[in-house]
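Student: This is the structure I have questions about; it appears just below.
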Amino acid sequence: MVDTLGAEAVVLLSSLATIWDRFVHTWLLGGATAEIWPTLSSLFLGYAAATLVGITLGVVFALLPSVNRFFAPLLEFVRAVPGLALIPLFVIALGVGIETKIGLVIFGAVWPILLNTVDGIRSQDLTIRDTVFSYRLRFRDRLFRVVLPSASPQIMAGMKVSLSISVIVVIATEMVVSINGIGNFLLKAQAGFDLTGMWSGLILMGIIGYLLNVIFELVERRVLRWHRAMYEGNRR
């Protein structure tokens with residue numbers, strides 16, 4: 001019994017050298033490289049759409065309280081539904097192609113952006129708001145030059161959370177309904193007891209997540225450069 005458990009542990013925990021060698025030959029030199037693009041394309045398209053929808057709805061709900069009160073119960077109801085529980089519904093409506101993955105990414109990632117946009121706009125400094133109205137700026141100028149910039153720290157925070165959610169949702173969706181992608185590769189590796197291949201896929205997911213986070217922080221640092229400079233100036 002002990003020998004059997006020991007053998008299973010050896011199988012589950014292959015040496016790092018073996019796993020890394022499999023990672024290089026599978027994802028860098030092998031044919032599985034083609035599985036990366038379907039995942040990244042679904043991720044980026046879904047995340048971009050979720051960002052656009054989240055910011056747009058957030059602006060509407062923050063600036064039009066009556067609309068927010070009318071739709072708030074429905075939004076809270078929909079938000080409470082796990083995105084992965086809607087996979088059958090999305091499959092029936094959109095099939096098993098990239099549309100389903102994009103739709104589920106949008107559904108899962110839109111909420112942090114929407115809520116942070118509303119919170120950021122509502123927490124705008126009253127002095128700034130009164131000053132803007134006193135100058136009678138056009139709505140478009142107020143929105144893009146004052147409202148959204150002042151709420152950008154909260155919006156970026158929501159976008160960062162949504163990026164992690166997007167990665168999780170797209171991989172989970174590919175493991176259930178997709179015929180390609182990293183999630184589908186992991187599922188096939190698991191079904192075929194290819195544990196070394198499964199570990200190589202997990203390493204790839206970790207690397208992708210890390211690189212996406214680094215890229216996002218670089219963009220965030222550039223977008224919020226004015227905010228950081230203002231904060232450091234106030235501390236002095």
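Numbering starts fresh at 1 for the residues of each chain in the structure tokens, the chains themselves are lettered A, B, ... in the order given, and ligands are numbered from 1 as they appear.
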Which segment 29-81 of chain A residues have any atom within 12 Å of an atom of segment 92-97 of chain A, and for each, what is the nearest pair of atoms with distance in Å to one decimal, counting only C-alpha atoms, rows sorted by chain and number, as a tab-separated table?

Tutor:
```
residue	atom	partner	partner_atom	distance
A:Pro38	CA	A:Gly97	CA	10.0
A:Thr39	CA	A:Gly97	CA	11.5
A:Ser42	CA	A:Gly97	CA	9.9
```

Student: Looking only at alpha helix (DSSP H) from DSSP on the backbone, list the matching residues of segment 49-220 of chain A as a count of residues only.

Tutor: 141

Student: Restricting the calculation to only C-alpha atoms, which member of A:Leu143, A:Leu63, A:Leu45, A:Ile36 is positioned closest to Gly201 of chain A?

Tutor: A:Ile36

Student: Excluding segment 204-211 of chain A and residues on its chain fewer than 6 positions from it, collect all residues at most 12 Å away from it, counting only C-alpha atoms, and give them as a CSV table (one decimal) with C-alpha atoms, in the first residue's frame.

Tutor:
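Saved result, selection_4.csv, follows:
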```csv
chain,number,residue,atom,x,y,z
A,19,ILE,CA,8.1,19.3,-16.5
A,20,TRP,CA,10.2,22.2,-17.9
A,22,ARG,CA,7.9,19.1,-21.6
A,23,PHE,CA,6.9,22.8,-21.4
A,24,VAL,CA,9.6,23.8,-23.8
A,26,THR,CA,5.1,21.4,-26.1
A,27,TRP,CA,4.5,25.2,-25.9
A,28,LEU,CA,7.7,26.7,-27.4
A,32,ALA,CA,0.6,22.9,-29.1
A,33,THR,CA,1.8,26.5,-29.7
A,35,GLU,CA,-3.5,26.4,-28.8
A,36,ILE,CA,-2.4,29.6,-27.2
A,37,TRP,CA,-3.9,32.0,-29.8
A,39,THR,CA,-7.3,31.5,-25.7
A,40,LEU,CA,-5.6,34.9,-25.9
A,43,LEU,CA,-9.5,36.7,-23.6
A,160,LYS,CA,-7.2,44.8,-12.9
A,163,LEU,CA,-8.4,40.8,-16.0
A,164,SER,CA,-7.8,38.0,-13.5
A,165,ILE,CA,-11.4,37.0,-13.8
A,166,SER,CA,-11.2,36.9,-17.6
A,167,VAL,CA,-8.2,34.5,-17.5
A,168,ILE,CA,-10.1,32.2,-15.1
A,170,VAL,CA,-11.8,31.7,-20.5
A,171,ILE,CA,-9.7,28.7,-19.3
A,172,ALA,CA,-12.7,27.2,-17.4
A,181,GLY,CA,-7.3,26.5,-26.5
A,182,ILE,CA,-5.2,26.0,-23.4
A,183,GLY,CA,-8.2,24.8,-21.3
A,185,PHE,CA,-5.4,21.0,-23.8
A,186,LEU,CA,-5.5,20.7,-20.0
A,197,GLY,CA,1.6,17.7,-20.0
A,198,MET,CA,-1.0,19.0,-17.6
A,217,GLU,CA,0.8,47.6,-14.3
A,218,LEU,CA,2.9,49.4,-16.9
```

Student: Do a neighbour search on Val161 of chain A at 10 Å with only C-alpha atoms, toss out local chain neighbours closer than 6 positions, and write the hits as a list in words.

Tutor: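 Listed by chain and then number, they are Ala109, Trp111, Pro112 and Ile113 of chain A.
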
Student: Only N, CA, C and O atoms, please: the residues just picked out, written as a PDB file, in the first residue's frame.

Tutor:
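That gives us out-v3.pdb:
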```
ATOM      1  N   ALA A 109     -16.431  39.445 -16.335  1.00  0.00           N
ATOM      2  CA  ALA A 109     -15.474  40.521 -16.074  1.00  0.00           C
ATOM      3  C   ALA A 109     -16.097  41.900 -16.002  1.00  0.00           C
ATOM      4  O   ALA A 109     -15.438  42.845 -15.550  1.00  0.00           O
ATOM      5  N   TRP A 111     -18.522  43.172 -14.139  1.00  0.00           N
ATOM      6  CA  TRP A 111     -19.037  43.684 -12.867  1.00  0.00           C
ATOM      7  C   TRP A 111     -18.038  44.529 -12.079  1.00  0.00           C
ATOM      8  O   TRP A 111     -18.398  45.610 -11.599  1.00  0.00           O
ATOM      9  N   PRO A 112     -16.796  44.089 -11.880  1.00  0.00           N
ATOM     10  CA  PRO A 112     -15.863  44.958 -11.149  1.00  0.00           C
ATOM     11  C   PRO A 112     -15.638  46.308 -11.824  1.00  0.00           C
ATOM     12  O   PRO A 112     -15.529  47.335 -11.143  1.00  0.00           O
ATOM     13  N   ILE A 113     -15.606  46.316 -13.154  1.00  0.00           N
ATOM     14  CA  ILE A 113     -15.407  47.577 -13.875  1.00  0.00           C
ATOM     15  C   ILE A 113     -16.620  48.475 -13.711  1.00  0.00           C
ATOM     16  O   ILE A 113     -16.497  49.682 -13.439  1.00  0.00           O
TER      17      ILE A 113
END
```

Student: As an exercise, work out the distance from atom CA of Ile203 of chain A to atom CA of Val91 of chain A in Å and give it to one decimal place.

Tutor: 28.6 Å

Student: Which residues, written as number ranges by chain, have at least one atom at most 6 Å from segment 51-60 of chain A, with only C-alpha atoms counted and residues fewer than 2 positions away on the same chain left out?

Tutor: A: 48-49, 62-64, 110, 113-114, 117-118

Student: Generate a file of the selected residues that holds N, CA and C atoms, formatted as a PDB file, in the first residue's frame.

Tutor:
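Saved file selection.pdb follows:
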```pdb
ATOM      1  N   ALA A  48     -11.798  43.401 -23.570  1.00  0.00           N
ATOM      2  CA  ALA A  48     -11.999  44.729 -24.157  1.00  0.00           C
ATOM      3  C   ALA A  48     -13.480  45.095 -24.185  1.00  0.00           C
ATOM      4  N   ALA A  49     -14.330  44.136 -24.574  1.00  0.00           N
ATOM      5  CA  ALA A  49     -15.767  44.400 -24.599  1.00  0.00           C
ATOM      6  C   ALA A  49     -16.309  44.634 -23.192  1.00  0.00           C
ATOM      7  N   ALA A  62     -24.129  56.133 -12.791  1.00  0.00           N
ATOM      8  CA  ALA A  62     -23.619  57.122 -11.847  1.00  0.00           C
ATOM      9  C   ALA A  62     -24.213  58.500 -12.093  1.00  0.00           C
ATOM     10  N   LEU A  63     -24.429  58.858 -13.353  1.00  0.00           N
ATOM     11  CA  LEU A  63     -24.925  60.197 -13.679  1.00  0.00           C
ATOM     12  C   LEU A  63     -26.446  60.272 -13.739  1.00  0.00           C
ATOM     13  N   LEU A  64     -27.106  59.128 -13.833  1.00  0.00           N
ATOM     14  CA  LEU A  64     -28.576  59.102 -13.885  1.00  0.00           C
ATOM     15  C   LEU A  64     -29.108  58.231 -12.742  1.00  0.00           C
ATOM     16  N   VAL A 110     -17.340  42.062 -16.406  1.00  0.00           N
ATOM     17  CA  VAL A 110     -17.911  43.401 -16.501  1.00  0.00           C
ATOM     18  C   VAL A 110     -18.227  44.002 -15.132  1.00  0.00           C
ATOM     19  N   ILE A 113     -15.606  46.316 -13.154  1.00  0.00           N
ATOM     20  CA  ILE A 113     -15.407  47.577 -13.875  1.00  0.00           C
ATOM     21  C   ILE A 113     -16.620  48.475 -13.711  1.00  0.00           C
ATOM     22  N   LEU A 114     -17.804  47.915 -13.861  1.00  0.00           N
ATOM     23  CA  LEU A 114     -19.030  48.693 -13.733  1.00  0.00           C
ATOM     24  C   LEU A 114     -19.154  49.296 -12.334  1.00  0.00           C
ATOM     25  N   THR A 117     -16.543  51.942 -11.619  1.00  0.00           N
ATOM     26  CA  THR A 117     -16.814  53.175 -12.360  1.00  0.00           C
ATOM     27  C   THR A 117     -17.875  54.001 -11.649  1.00  0.00           C
ATOM     28  N   VAL A 118     -18.945  53.354 -11.227  1.00  0.00           N
ATOM     29  CA  VAL A 118     -19.998  54.056 -10.490  1.00  0.00           C
ATOM     30  C   VAL A 118     -19.440  54.663  -9.206  1.00  0.00           C
TER      31      VAL A 118
END
```

Student: Could you state the separation of atom CA of Arg140 of chain A and atom CA of Ser152 of chain A in Å, given to one decimal place?

Tutor: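 Computing the Euclidean distance for atom CA of Arg140 of chain A and atom CA of Ser152 of chain A yields 16.3 Å.
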
Student: I'd like to know which of A:Pro153, A:Ile215, A:Val81, A:Ser178 is closest to Arg228 of chain A, using only C-alpha atoms.

Tutor: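 Looking only at the distances to Arg228 of chain A, the closest residue turns out to be A:Pro153.
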
Student: Distance atom CA of Arg221 of chain A-atom CA of Ile128 of chain A, one decimal place?

Tutor: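 One can read the atom CA of Arg221 of chain A to atom CA of Ile128 of chain A distance as 23.5 Å.
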
Student: Taking into account only C-alpha atoms, which residue in the set A:Leu202, A:Val105, A:Leu137, A:Leu148 is nearest to Leu224 of chain A?

Tutor: A:Leu148

Student: Go through A:Leu212, A:His25, A:Gln124, A:Leu115 one by one, measure the shortest atom-to-atom distance of each to Ala72 of chain A using only C-alpha atoms, and give the residue with the smallest value.

Tutor: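 Among the listed residues, A:Leu115 lies closest to Ala72 of chain A.
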
Student: Nearest residue to Ser14 of chain A out of A:Ala157, A:Glu99, A:Val223, A:Asp194, using only C-alpha atoms?

Tutor: A:Asp194
